[in-house]
>>> print(open('coords_12.txt').read())   # compact mmCIF, C-alpha atoms
# COMPACT_ATOMS: atom_id res chain seq x y z
CA MET A 1 -58.64 59.71 216.90
CA LYS A 2 -56.48 59.50 220.00
CA LYS A 3 -58.86 61.57 222.15
CA ASP A 4 -62.56 62.17 222.40
CA ARG A 5 -63.97 64.18 219.46
CA GLU A 6 -66.07 66.40 221.73
CA GLU A 7 -62.95 67.48 223.63
CA LEU A 8 -61.33 68.46 220.34
CA GLU A 9 -64.42 70.39 219.21
CA VAL A 10 -64.47 72.39 222.47
CA ASN A 11 -60.77 73.26 222.30
CA LEU A 12 -60.85 74.04 218.58
CA ARG A 13 -63.89 76.29 219.04
CA ASN A 14 -62.09 78.19 221.83
CA VAL A 15 -58.99 78.68 219.68
CA ILE A 16 -61.06 79.88 216.70
CA ASP A 17 -63.06 82.25 218.93
CA ASP A 18 -59.82 83.70 220.30
CA ASN A 19 -58.57 84.42 216.77
CA LYS A 20 -61.75 85.17 214.82
CA HIS A 21 -61.02 88.89 214.58
CA LYS A 22 -57.48 88.37 213.23
CA THR A 23 -58.03 88.84 209.51
CA LYS A 24 -54.54 87.85 208.38
CA MET A 25 -54.55 84.70 210.48
CA LEU A 26 -57.90 83.57 209.08
CA ALA A 27 -56.62 84.28 205.57
CA LYS A 28 -53.61 82.00 206.17
CA ILE A 29 -55.89 79.22 207.42
CA ASN A 30 -58.09 79.63 204.34
CA ASP A 31 -55.01 79.45 202.12
CA PHE A 32 -54.01 76.14 203.69
CA LEU A 33 -57.54 74.71 203.35
CA ASP A 34 -57.74 75.92 199.75
CA GLU A 35 -54.93 73.50 198.82
CA TYR A 36 -57.33 70.67 199.53
CA GLY A 37 -60.27 72.08 197.60
CA ILE A 38 -62.09 73.60 200.55
CA LEU A 39 -64.01 76.68 199.47
CA PRO A 40 -62.63 80.14 200.35
CA GLY A 41 -64.12 81.59 203.53
CA PHE A 42 -64.77 78.17 205.12
CA ILE A 43 -62.94 79.05 208.34
CA ASN A 44 -64.81 82.38 208.42
CA ASP A 45 -68.12 80.51 208.36
CA ILE A 46 -66.93 78.43 211.31
CA ALA A 47 -65.78 81.57 213.13
CA ARG A 48 -69.23 83.13 212.60
CA SER A 49 -70.84 79.86 213.74
CA THR A 50 -72.79 79.55 210.48
CA THR A 51 -70.98 76.22 210.05
CA SER A 52 -70.98 74.01 213.16
CA LEU A 53 -67.95 71.92 214.13
CA SER A 54 -70.27 69.12 215.23
CA ASN A 55 -71.63 68.93 211.66
CA LEU A 56 -68.22 68.37 210.08
CA GLU A 57 -67.23 64.92 208.90
CA THR A 58 -64.34 63.52 210.94
CA HIS A 59 -61.81 63.80 208.12
CA LEU A 60 -62.75 67.46 207.61
CA LEU A 61 -62.53 68.22 211.34
CA ILE A 62 -59.02 66.74 211.36
CA VAL A 63 -57.95 68.86 208.38
CA VAL A 64 -59.39 72.05 209.89
CA THR A 65 -57.75 71.33 213.25
CA ASP A 66 -54.38 70.79 211.60
CA ALA A 67 -54.71 73.99 209.57
CA VAL A 68 -55.65 76.08 212.61
CA TYR A 69 -52.81 74.54 214.66
CA ARG A 70 -50.23 75.14 211.92
CA VAL A 71 -51.16 78.82 211.71
CA THR A 72 -51.80 79.60 215.39
CA GLY A 73 -49.42 77.16 217.11
CA ASP A 74 -51.94 77.01 219.96
CA GLY A 75 -51.06 74.25 222.46
CA ARG A 76 -54.71 73.38 223.09
CA ILE A 77 -55.03 71.73 219.67
CA ILE A 78 -51.65 70.14 218.96
CA SER A 79 -52.41 67.87 216.02
CA GLN A 80 -50.31 64.96 217.27
CA ASP A 81 -52.27 64.88 220.54
CA TYR A 82 -55.54 64.12 218.75
CA PHE A 83 -54.70 62.09 215.64
CA SER A 84 -51.81 60.18 214.07
CA LYS A 85 -49.87 61.19 210.98
CA SER A 86 -51.55 58.36 209.12
CA GLU A 87 -55.00 59.68 210.09
CA LEU A 88 -54.02 63.16 208.96
CA ASP A 89 -52.66 61.97 205.61
CA LYS A 90 -55.81 59.94 204.92
CA SER A 91 -58.00 62.86 205.96
CA LEU A 92 -56.16 65.28 203.69
CA GLU A 93 -56.51 62.93 200.73
CA LEU A 94 -60.19 62.19 201.44
CA THR A 95 -60.92 65.90 201.80
CA ARG A 96 -59.29 66.60 198.44
CA GLN A 97 -61.30 63.83 196.78
CA LYS A 98 -64.61 64.82 198.36
CA SER A 99 -64.11 68.51 197.67
CA ASN A 100 -63.68 67.78 193.97
CA LYS A 101 -66.98 65.90 193.99
CA MET A 102 -68.76 68.26 196.36
CA ASN A 103 -68.19 71.59 194.67
CA LEU A 104 -71.26 71.56 192.50
CA GLU A 105 -71.93 74.32 190.01
CA LEU A 106 -75.00 75.49 188.16
CA PRO A 107 -76.70 74.47 185.96
CA ILE A 108 -78.11 71.45 187.82
CA GLU A 109 -80.72 69.08 186.36
CA ILE A 110 -83.34 67.41 188.56
CA SER A 111 -85.30 64.46 187.20
CA ASN A 112 -88.89 63.28 187.74
CA VAL A 113 -90.24 66.76 188.43
CA LEU A 114 -93.95 67.54 188.38
CA ASN A 115 -94.86 70.96 187.01
CA VAL A 116 -97.82 72.65 188.73
CA ASP A 117 -97.42 76.06 187.11
CA GLN A 118 -94.58 78.30 185.92
CA LEU A 119 -93.63 79.13 189.49
CA THR A 120 -94.19 75.80 191.26
CA TYR A 121 -92.59 72.34 190.91
CA PHE A 122 -92.59 69.15 193.02
CA THR A 123 -90.24 66.16 193.16
CA LYS A 124 -88.31 63.78 195.42
CA ILE A 125 -84.61 64.39 196.01
CA ASP A 126 -81.73 62.50 197.61
CA ILE A 127 -80.63 64.20 200.83
CA LYS A 128 -77.01 63.85 199.62
CA LEU A 129 -77.65 66.14 196.66
CA LEU A 130 -79.23 68.80 198.86
CA VAL A 131 -76.34 68.63 201.34
CA ASP A 132 -73.78 68.80 198.53
CA MET A 133 -75.57 71.87 197.15
CA PHE A 134 -75.43 73.43 200.61
CA HIS A 135 -71.72 72.67 201.08
CA SER A 136 -71.07 74.09 197.62
CA LYS A 137 -72.75 77.31 198.76
CA LEU A 138 -75.46 76.98 196.12
CA ILE A 139 -78.21 77.02 198.75
CA ILE A 140 -78.18 80.20 200.81
CA TYR A 141 -80.08 81.46 203.84
CA ASP A 142 -81.95 84.59 202.73
CA TYR A 143 -82.50 86.84 205.76
CA GLU A 144 -85.10 88.91 203.90
CA THR A 145 -87.48 85.98 203.50
CA GLN A 146 -86.65 83.87 206.56
CA ARG A 147 -87.06 84.09 210.31
CA SER A 148 -85.29 86.97 212.01
CA ALA A 149 -81.52 86.70 212.34
CA LYS A 150 -79.28 86.63 215.36
CA TYR A 151 -76.37 89.06 215.45
CA ARG A 152 -72.75 88.38 216.31
CA MET A 153 -69.60 90.44 216.19
CA GLY A 154 -67.46 89.40 213.21
CA LYS A 155 -64.22 90.66 211.75
CA ASP A 156 -66.12 93.15 209.62
CA GLY A 157 -68.40 94.28 212.45
CA VAL A 158 -71.81 92.97 213.44
CA VAL A 159 -73.02 90.19 211.14
CA PRO A 160 -76.32 88.29 210.94
CA VAL A 161 -76.32 84.53 211.48
CA PRO A 162 -79.22 82.07 211.10
CA ASP A 163 -81.36 81.59 214.21
CA VAL A 164 -80.92 77.81 214.53
CA ASN A 165 -82.42 75.58 217.23
CA LYS A 166 -79.56 73.12 217.82
CA LYS A 167 -81.75 70.64 219.70
CA SER A 168 -84.17 70.51 216.79
CA VAL A 169 -81.30 69.84 214.36
CA ASP A 170 -79.94 67.08 216.62
CA ASP A 171 -83.38 65.44 216.93
CA ILE A 172 -83.91 65.49 213.16
CA ALA A 173 -80.46 64.00 212.52
CA LYS A 174 -81.11 61.26 215.11
CA HIS A 175 -84.39 60.26 213.44
CA MET A 176 -82.76 60.29 209.99
CA LEU A 177 -79.99 57.99 211.20
CA GLU A 178 -82.35 55.64 213.02
CA GLY A 179 -84.73 55.39 210.08
CA THR A 180 -87.62 56.89 212.05
CA TYR A 181 -87.71 60.20 210.20
CA LEU A 182 -90.98 60.73 208.34
CA PRO A 183 -90.06 62.62 205.16
CA ASP A 184 -91.82 65.93 204.76
CA MET A 185 -91.40 68.69 202.23
CA LEU A 186 -88.60 71.23 201.96
CA THR A 187 -89.06 74.31 199.82
CA LEU A 188 -86.35 76.00 197.76
CA ASN A 189 -86.78 79.33 196.00
CA VAL A 190 -84.91 79.79 192.72
CA TYR A 191 -84.89 83.33 191.39
CA SER A 192 -83.00 85.78 189.23
CA GLU A 193 -83.67 89.16 187.69
CA GLU A 194 -80.85 88.70 185.14
CA VAL A 195 -81.47 85.22 183.70
CA GLU A 196 -84.32 82.75 183.36
CA PRO A 197 -83.94 80.92 186.70
CA LEU A 198 -85.60 77.63 185.70
CA SER A 199 -86.08 75.63 182.51
CA TYR A 200 -88.52 72.73 182.36
CA ASP A 201 -88.54 69.85 179.89
CA GLU A 202 -92.19 68.78 179.95
CA ARG A 203 -91.64 65.63 177.93
CA ASN A 204 -88.82 64.22 180.08
CA LYS A 205 -89.95 65.83 183.36
CA ILE A 206 -86.50 67.42 183.89
CA LEU A 207 -86.14 70.75 185.70
CA THR A 208 -82.92 72.71 185.20
CA ILE A 209 -81.72 75.31 187.69
CA ASN A 210 -79.89 77.67 185.37
CA LYS A 211 -76.52 79.31 185.89
CA GLY A 212 -76.83 82.77 187.43
CA SER A 213 -79.82 81.85 189.60
CA SER A 214 -79.96 82.34 193.36
CA ILE A 215 -81.21 79.39 195.45
CA SER A 216 -82.52 80.10 198.93
CA ILE A 217 -84.31 77.82 201.36
CA LEU A 218 -87.84 79.02 202.06
CA ASP A 219 -88.87 76.20 204.38
CA GLY A 220 -86.82 73.44 205.95
CA PHE A 221 -83.52 74.99 207.03
CA HIS A 222 -83.47 72.94 210.25
CA ARG A 223 -84.23 69.76 208.30
CA LEU A 224 -81.42 70.54 205.89
CA GLN A 225 -79.05 71.11 208.82
CA GLY A 226 -80.25 67.82 210.30
CA GLY A 227 -79.35 66.15 207.01
CA VAL A 228 -75.90 67.77 207.08
CA LYS A 229 -75.27 66.35 210.55
CA ALA A 230 -76.71 62.92 209.74
CA LEU A 231 -74.47 62.56 206.67
CA THR A 232 -71.50 63.65 208.74
CA ILE A 233 -72.11 60.64 210.99
CA ASN A 234 -73.16 58.24 208.23
CA PRO A 235 -71.95 59.34 204.76
CA ASN A 236 -73.78 56.35 203.22
CA LEU A 237 -77.20 57.39 204.55
CA CYS A 238 -79.96 56.77 201.99
CA LEU A 239 -82.92 59.12 202.38
CA GLU A 240 -85.21 60.82 199.91
CA LEU A 241 -87.05 64.00 200.82
CA LEU A 242 -90.02 65.66 199.20
CA LEU A 243 -88.99 68.91 197.55
CA SER A 244 -91.00 71.90 196.42
CA ILE A 245 -89.22 74.34 194.11
CA ARG A 246 -90.66 77.83 193.73
CA SER A 247 -89.58 80.81 191.65
CA TYR A 248 -90.77 83.83 193.65
CA ASP A 249 -89.48 87.37 193.86
CA THR A 250 -88.60 88.68 197.33
CA GLU A 251 -92.03 90.11 198.19
CA ILE A 252 -93.93 86.94 197.23
CA ALA A 253 -91.32 84.79 199.00
CA LYS A 254 -91.87 86.78 202.19
CA LYS A 255 -95.61 86.25 202.03
CA TYR A 256 -95.19 82.55 201.31
CA PHE A 257 -92.89 82.12 204.31
CA GLY A 258 -95.34 84.08 206.43
CA GLN A 259 -98.24 81.74 205.62
CA ILE A 260 -96.57 78.37 206.18
CA ASN A 261 -96.11 76.56 209.47
CA THR A 262 -92.77 74.98 210.29
CA ILE A 263 -91.50 72.72 213.05
CA ASN A 264 -89.69 75.62 214.71
CA VAL A 265 -92.37 78.24 215.24
CA VAL A 266 -91.51 81.62 213.78
CA LYS A 267 -91.81 84.49 216.21
CA LYS A 268 -95.21 86.14 215.92
CA GLU A 269 -93.59 89.53 215.31
CA ARG A 270 -91.72 88.17 212.28
CA LEU A 271 -94.84 86.38 210.96
CA LYS A 272 -96.85 89.57 211.19
CA GLU A 273 -94.15 91.44 209.32
CA LEU A 274 -93.86 88.83 206.58
CA LYS A 275 -97.57 88.31 205.99
CA SER A 276 -98.40 92.05 205.83
CA GLU A 277 -101.88 91.41 207.21
CA ASN A 278 -103.08 95.00 207.36
CA TRP A 279 -102.34 98.43 205.96
CA SER A 280 -100.46 99.54 209.08
CA VAL A 281 -98.00 96.69 208.59
CA ALA A 282 -97.60 97.76 204.96
CA VAL A 283 -96.76 101.30 206.14
CA VAL A 284 -93.97 100.01 208.38
CA ARG A 285 -92.70 97.81 205.56
CA ASP A 286 -92.32 100.98 203.47
CA LEU A 287 -90.50 102.70 206.35
CA GLN A 288 -88.11 99.74 206.55
CA GLN A 289 -87.32 99.98 202.87
CA LYS A 290 -87.58 103.67 201.97
CA SER A 291 -87.16 105.87 205.05
CA GLU A 292 -84.10 106.86 207.05
CA LEU A 293 -85.00 103.95 209.37
CA LYS A 294 -84.02 101.43 206.69
CA GLY A 295 -81.00 99.17 207.03
CA ASN A 296 -82.02 97.08 210.04
CA LYS A 297 -83.06 99.97 212.31
CA ILE A 298 -86.48 98.34 212.82
CA ALA A 299 -86.08 94.89 214.40
CA SER A 300 -88.17 91.93 213.27
CA ALA A 301 -88.05 90.29 216.70
CA ALA A 302 -89.81 91.10 219.98
CA ASN A 303 -86.77 93.02 221.20
CA ILE A 304 -84.04 95.08 219.57
CA SER A 305 -80.41 94.09 219.17
CA GLU A 306 -78.36 96.96 220.57
CA ILE A 307 -75.08 95.74 219.06
CA ALA A 308 -76.74 95.84 215.63
CA GLY A 309 -77.78 99.46 216.21
CA GLN A 310 -81.50 98.66 216.12
CA LEU A 311 -83.87 101.31 217.47
CA THR A 312 -87.36 99.85 217.75
CA THR A 313 -89.38 96.84 216.62
CA PHE A 314 -91.65 96.17 213.68
CA ASP A 315 -94.47 95.27 216.09
CA ILE A 316 -94.16 98.55 218.03
CA MET A 317 -94.18 100.59 214.84
CA SER A 318 -97.13 98.78 213.27
CA TYR A 319 -99.06 99.06 216.54
CA GLY A 320 -98.40 102.81 216.60
CA VAL A 321 -99.43 103.34 212.99
CA GLU A 322 -102.63 101.33 213.53
CA GLN A 323 -103.62 103.14 216.73
CA ILE A 324 -102.66 106.63 215.60
CA PHE A 325 -103.25 106.78 211.83
CA SER A 326 -105.49 103.70 211.24
CA PRO A 327 -105.07 103.42 207.46
CA ASP A 328 -108.03 101.50 206.05
CA ASN A 329 -107.33 101.13 202.33
CA PHE A 330 -104.57 101.38 199.74
CA LEU A 331 -104.83 105.15 199.26
CA GLU A 332 -104.70 105.83 203.00
CA TYR A 333 -101.76 103.44 203.37
CA LYS A 334 -99.80 105.26 200.66
CA GLU A 335 -100.62 108.66 202.15
CA VAL A 336 -99.52 107.64 205.66
CA ALA A 337 -96.42 105.82 204.41
CA ASN A 338 -95.28 108.78 202.34
CA TYR A 339 -95.97 111.24 205.17
CA LEU A 340 -94.11 109.20 207.81
CA THR A 341 -91.22 108.54 205.43
CA GLU A 342 -90.81 112.29 205.01
CA PHE A 343 -91.36 112.96 208.72
CA PHE A 344 -88.69 110.46 209.82
CA GLY A 345 -86.38 111.87 207.17
CA TYR A 346 -86.54 115.26 208.89
CA LEU A 347 -86.46 113.74 212.39
CA THR A 348 -83.41 111.58 211.67
CA GLY A 349 -81.61 114.61 210.33
CA HIS A 350 -81.92 116.21 213.77
CA PHE A 351 -81.23 112.99 215.70
CA TYR A 352 -78.51 111.64 213.42
CA ASP A 353 -76.05 110.68 216.17
CA GLU A 354 -78.81 109.22 218.33
CA PHE A 355 -80.43 107.18 215.55
CA ILE A 356 -77.73 106.46 212.97
CA SER A 357 -74.09 107.08 213.72
CA ASN A 358 -73.81 106.15 217.41
CA PRO A 359 -77.12 105.04 218.97
CA SER A 360 -75.40 103.02 221.71
CA ALA A 361 -74.03 106.21 223.27
CA TYR A 362 -77.56 107.52 223.83
CA ARG A 363 -79.33 104.45 225.21
CA LYS A 364 -79.57 105.94 228.70
CA THR A 365 -81.02 109.24 227.50
CA TYR A 366 -84.29 107.60 226.34
CA VAL A 367 -84.16 109.49 223.03
CA ASN A 368 -83.90 106.22 221.09
CA HIS A 369 -85.81 104.00 223.50
CA PRO A 370 -87.93 101.55 221.43
CA LEU A 371 -91.20 102.94 222.79
CA MET A 372 -90.21 106.53 221.98
CA PHE A 373 -90.99 105.76 218.34
CA LEU A 374 -94.65 105.53 219.32
CA GLY A 375 -94.20 109.06 220.62
CA TYR A 376 -92.60 110.18 217.38
CA ILE A 377 -95.46 108.68 215.36
CA GLN A 378 -97.97 110.54 217.55
CA ILE A 379 -96.01 113.76 217.11
CA ALA A 380 -96.17 113.20 213.34
CA LYS A 381 -99.96 112.89 213.65
CA ASN A 382 -100.07 116.08 215.72
CA PHE A 383 -98.14 117.88 212.99
CA LYS A 384 -100.50 116.59 210.31
CA ASP A 385 -103.65 117.52 212.20
CA GLN A 386 -102.31 121.03 212.90
CA ASN A 387 -101.04 121.48 209.31
CA LYS A 388 -97.56 122.17 210.61
CA ASP A 389 -94.74 122.35 208.11
CA LEU A 390 -92.30 119.44 208.56
CA SER A 391 -89.42 121.89 208.70
CA GLU A 392 -90.63 122.57 212.26
CA VAL A 393 -89.49 119.07 213.21
CA SER A 394 -86.25 120.84 214.16
CA HIS A 395 -88.00 122.07 217.32
CA ILE A 396 -88.86 118.56 218.56
CA LYS A 397 -85.44 117.92 220.05
CA SER A 398 -85.69 120.89 222.37
CA SER A 399 -89.41 120.56 223.12
CA ILE A 400 -89.38 117.02 224.53
CA ASN A 401 -88.34 116.79 228.17
CA PHE A 402 -86.57 113.42 228.26
CA ASP A 403 -86.01 113.90 232.02
CA ASP A 404 -89.73 114.11 232.77
CA LYS A 405 -90.50 111.59 235.54
CA GLU A 406 -93.86 110.62 234.06
CA LEU A 407 -92.25 109.78 230.72
CA ILE A 408 -89.37 107.90 232.36
CA ASN A 409 -91.74 105.86 234.53
CA ILE A 410 -93.70 104.76 231.47
CA LEU A 411 -90.58 103.85 229.50
CA ASN A 412 -89.22 101.86 232.45
CA SER A 413 -92.47 100.04 233.20
CA LYS A 414 -91.95 96.48 234.41
CA SER A 415 -94.60 95.37 231.92
CA GLY A 416 -92.07 95.91 229.15
CA ILE A 417 -92.16 97.25 225.61
CA ASN A 418 -94.61 94.63 224.36
CA SER A 419 -97.41 95.61 226.74
CA ASN A 420 -100.27 97.36 224.93
CA ARG A 421 -101.15 99.20 228.13
CA VAL A 422 -97.66 100.73 228.26
CA ARG A 423 -97.75 101.50 224.55
CA ASN A 424 -101.05 103.32 224.92
CA GLN A 425 -99.65 105.32 227.82
CA ILE A 426 -96.84 106.57 225.60
CA ILE A 427 -99.26 107.47 222.81
CA ASN A 428 -101.51 109.36 225.24
CA TYR A 429 -98.53 111.13 226.78
CA PHE A 430 -97.57 112.61 223.40
CA LYS A 431 -101.16 113.39 222.45
CA LYS A 432 -101.01 115.98 225.22
>>> encode(input="coords_12.txt", output="structure tokens")
Amino acid sequence: MKKDREELEVNLRNVIDDNKHKTKMLAKINDFLDEYGILPGFINDIARSTTSLSNLETHLLIVVTDAVYRVTGDGRIISQDYFSKSELDKSLELTRQKSNKMNLELPIEISNVLNVDQLTYFTKIDIKLLVDMFHSKLIIYDYETQRSAKYRMGKDGVVPVPDVNKKSVDDIAKHMLEGTYLPDMLTLNVYSEEVEPLSYDERNKILTINKGSSISILDGFHRLQGGVKALTINPNLCLELLLSIRSYDTEIAKKYFGQINTINVVKKERLKELKSENWSVAVVRDLQQKSELKGNKIASAANISEIAGQLTTFDIMSYGVEQIFSPDNFLEYKEVANYLTEFFGYLTGHFYDEFISNPSAYRKTYVNHPLMFLGYIQIAKNFKDQNKDLSEVSHIKSSINFDDKELINILNSKSGINSNRVRNQIINYFKK
């Protein structure tokens, strides 16, 4: 290349960011890349930052740069300023060749696999095969069973992206390249409700991932990304990793992820949610899946994402259920979950704009403040204790004084929404 690669990455990222909401322009770039076997949506992944420019092999970076320049005509990334025609031609040909090899499809056979039980298998695997599976979009990041997502504005609105620690990825890649990486185990989950996801040949120790299966990474996403970057720098890298293959449904996969420790510590709020350690957590899980608060309204992290329309956090809700309802067994959990699901159904009906259609417009009114959901849970308990019909929820909107100084002072406490003292103050306020 005629200029420093890092300079090109910075300029290309700026150009892509400036055009990432232009659907037709991205489509034209994808059309150009498609001629060389690059999968549809590749430029969209870069625009959403789910694919990093620094992880691209040089020949692929050149091809992407040329495609973006041809479509946008942006002077910051004039192809001729960064690479020669000969470099471009070689890169286009290499990209076409590699894409033909890289686009793997199911079924895939893996040799020398040890079978523990019908749901658990162990083996060693070449990092190149894992990376090729990732580039071929066979390995996905499942937000339901992984650490909480980050949110970014995409062309179709707010989209989740993996929460990746770039320094961790860089460190792993460095150790892989220097030969100082100590192989540890990655875990893939292979599952399907339509087909048999795995077939195992006991005699020959061959495991087949069948067509129609979904493959997600349960543990080791940063290590996989480190491998992607390492192979970008040294395509001839030889490294075998230990691999665990599971076949879990979503609920079991969540619990498995909740119990394991990884290099990048999962936020305690997300761990608590995944492990479902007590009946209060199980209640909130039901609310996430069955109530009007479903669809990402309850955040898995310590704080909400306002651009994603989130209202409160899993930790706040589970704390409220535990303190106010204290379910102690399965029957109590089901009773509380069903009651709160119905209660929030009525409540959301009367706070539809504030909770569902346009929550951002009401952030300053305190009606959808994260801690207010402790208040709503306490009100639900008040209703239950007084045998009030849930149709009377319609009166809540007019009966709460959201301008009350005592309430505002609690909600604005410098201790923040994760302080148990502040949470208890809200609960006590609504007990009265």
>>> atom_distance(input="coords_12.txt", atom1="atom CA of A:Val113", atom2="atom CA of A:Ser199")
11.4 Å
>>> closest_residue(input="coords_12.txt", among="A:Ile356, A:Ala230, A:Ala299, A:Leu188", to="A:Ser244", atoms="only C-alpha atoms")
A:Leu188
>>> residues_near_point(input="coords_12.txt", point="(-97.4, 106.8, 207.3)", cutoff="12 Å", atoms="all atoms listed in the file", output="ChimeraX atom specification")
/A:279-288,290-291,317-318,320-328,330-344,376-378,380-381,384
>>> closest_residue(input="coords_12.txt", among="A:Phe122, A:Phe402, A:Tyr346, A:Tyr191", to="A:His369", atoms="all atoms listed in the file")
A:Phe402
>>> atom_distance(input="coords_12.txt", atom1="atom CA of A:Thr250", atom2="atom CA of A:Glu194")
14.4 Å
>>> closest_residue(input="coords_12.txt", among="A:Asn204, A:Asn11, A:Ser91, A:Thr120", to="A:Val63", atoms="only C-alpha atoms")
A:Ser91
>>> atom_distance(input="coords_12.txt", atom1="atom CA of A:Asn236", atom2="atom CA of A:Asp171")
19.0 Å
>>> residues_around(input="coords_12.txt", residues="stretch 224-227 of chain A", least_positions_apart="5", cutoff="8 Å", atoms="all atoms listed in the file", output="list of chain:residue names")
A:Ile127, A:Leu130, A:Val131, A:Val169, A:Asp170, A:Asp171, A:Ile172, A:Ala173, A:Met176
>>> write_last_selection(input="coords_12.txt", atoms="C-alpha atoms", output="CSV table (one decimal), keeping the file's coordinate frame")
chain,number,residue,atom,x,y,z
A,127,ILE,CA,-80.6,64.2,200.8
A,130,LEU,CA,-79.2,68.8,198.9
A,131,VAL,CA,-76.3,68.6,201.3
A,169,VAL,CA,-81.3,69.8,214.4
A,170,ASP,CA,-79.9,67.1,216.6
A,171,ASP,CA,-83.4,65.4,216.9
A,172,ILE,CA,-83.9,65.5,213.2
A,173,ALA,CA,-80.5,64.0,212.5
A,176,MET,CA,-82.8,60.3,210.0
>>> closest_residue(input="coords_12.txt", among="A:Asp74, A:Asp142, A:Asp81, A:Glu35", to="A:Glu7", atoms="all atoms listed in the file")
A:Asp81
>>> residues_around(input="coords_12.txt", residues="A:Pro235", least_positions_apart="3", cutoff="9 Å", atoms="only C-alpha atoms", output="mmCIF file with C-alpha atoms, in the coordinates of the input")
data_model
loop_
_atom_site.group_PDB
_atom_site.id
_atom_site.type_symbol
_atom_site.label_atom_id
_atom_site.label_comp_id
_atom_site.auth_asym_id
_atom_site.auth_seq_id
_atom_site.Cartn_x
_atom_site.Cartn_y
_atom_site.Cartn_z
ATOM 1 C CA GLU A 57 -67.230 64.920 208.900
ATOM 2 C CA LYS A 128 -77.010 63.850 199.620
ATOM 3 C CA ALA A 230 -76.710 62.920 209.740
ATOM 4 C CA LEU A 231 -74.470 62.560 206.670
ATOM 5 C CA THR A 232 -71.500 63.650 208.740
ATOM 6 C CA CYS A 238 -79.960 56.770 201.990
#
>>> decode(input="coords_12.txt", residues="stretch 279-290 of chain A", atoms="N, CA, C and O atoms", output="PDB file, in the first residue's frame")
ATOM      1  N   TRP A 279     -36.723 -17.070  42.936  1.00  0.00           N
ATOM      2  CA  TRP A 279     -38.051 -17.004  42.328  1.00  0.00           C
ATOM      3  C   TRP A 279     -38.401 -15.596  41.864  1.00  0.00           C
ATOM      4  O   TRP A 279     -39.167 -15.422  40.911  1.00  0.00           O
ATOM      5  N   SER A 280     -37.837 -14.574  42.505  1.00  0.00           N
ATOM      6  CA  SER A 280     -38.101 -13.195  42.070  1.00  0.00           C
ATOM      7  C   SER A 280     -37.525 -12.946  40.684  1.00  0.00           C
ATOM      8  O   SER A 280     -38.138 -12.273  39.852  1.00  0.00           O
ATOM      9  N   VAL A 281     -36.331 -13.494  40.453  1.00  0.00           N
ATOM     10  CA  VAL A 281     -35.714 -13.383  39.131  1.00  0.00           C
ATOM     11  C   VAL A 281     -36.576 -14.095  38.086  1.00  0.00           C
ATOM     12  O   VAL A 281     -36.763 -13.606  36.967  1.00  0.00           O
ATOM     13  N   ALA A 282     -37.118 -15.248  38.462  1.00  0.00           N
ATOM     14  CA  ALA A 282     -37.983 -15.990  37.538  1.00  0.00           C
ATOM     15  C   ALA A 282     -39.241 -15.193  37.195  1.00  0.00           C
ATOM     16  O   ALA A 282     -39.738 -15.240  36.067  1.00  0.00           O
ATOM     17  N   VAL A 283     -39.770 -14.446  38.167  1.00  0.00           N
ATOM     18  CA  VAL A 283     -40.939 -13.595  37.919  1.00  0.00           C
ATOM     19  C   VAL A 283     -40.614 -12.561  36.852  1.00  0.00           C
ATOM     20  O   VAL A 283     -41.385 -12.359  35.903  1.00  0.00           O
ATOM     21  N   VAL A 284     -39.459 -11.894  37.007  1.00  0.00           N
ATOM     22  CA  VAL A 284     -39.091 -10.848  36.048  1.00  0.00           C
ATOM     23  C   VAL A 284     -38.815 -11.451  34.675  1.00  0.00           C
ATOM     24  O   VAL A 284     -39.109 -10.849  33.643  1.00  0.00           O
ATOM     25  N   ARG A 285     -38.253 -12.649  34.655  1.00  0.00           N
ATOM     26  CA  ARG A 285     -38.053 -13.339  33.380  1.00  0.00           C
ATOM     27  C   ARG A 285     -39.397 -13.519  32.655  1.00  0.00           C
ATOM     28  O   ARG A 285     -39.512 -13.301  31.457  1.00  0.00           O
ATOM     29  N   ASP A 286     -40.433 -13.895  33.417  1.00  0.00           N
ATOM     30  CA  ASP A 286     -41.763 -14.035  32.817  1.00  0.00           C
ATOM     31  C   ASP A 286     -42.267 -12.688  32.296  1.00  0.00           C
ATOM     32  O   ASP A 286     -42.864 -12.607  31.217  1.00  0.00           O
ATOM     33  N   LEU A 287     -42.037 -11.626  33.062  1.00  0.00           N
ATOM     34  CA  LEU A 287     -42.474 -10.293  32.634  1.00  0.00           C
ATOM     35  C   LEU A 287     -41.768  -9.897  31.339  1.00  0.00           C
ATOM     36  O   LEU A 287     -42.370  -9.263  30.461  1.00  0.00           O
ATOM     37  N   GLN A 288     -40.487 -10.254  31.226  1.00  0.00           N
ATOM     38  CA  GLN A 288     -39.741  -9.947  30.005  1.00  0.00           C
ATOM     39  C   GLN A 288     -40.317 -10.662  28.788  1.00  0.00           C
ATOM     40  O   GLN A 288     -40.254 -10.153  27.678  1.00  0.00           O
ATOM     41  N   GLN A 289     -40.849 -11.839  29.018  1.00  0.00           N
ATOM     42  CA  GLN A 289     -41.265 -12.669  27.890  1.00  0.00           C
ATOM     43  C   GLN A 289     -42.761 -12.623  27.609  1.00  0.00           C
ATOM     44  O   GLN A 289     -43.178 -12.858  26.477  1.00  0.00           O
ATOM     45  N   LYS A 290     -43.573 -12.307  28.635  1.00  0.00           N
ATOM     46  CA  LYS A 290     -45.016 -12.475  28.470  1.00  0.00           C
ATOM     47  C   LYS A 290     -45.832 -11.206  28.703  1.00  0.00           C
ATOM     48  O   LYS A 290     -46.992 -11.152  28.308  1.00  0.00           O
TER      49      LYS A 290
END
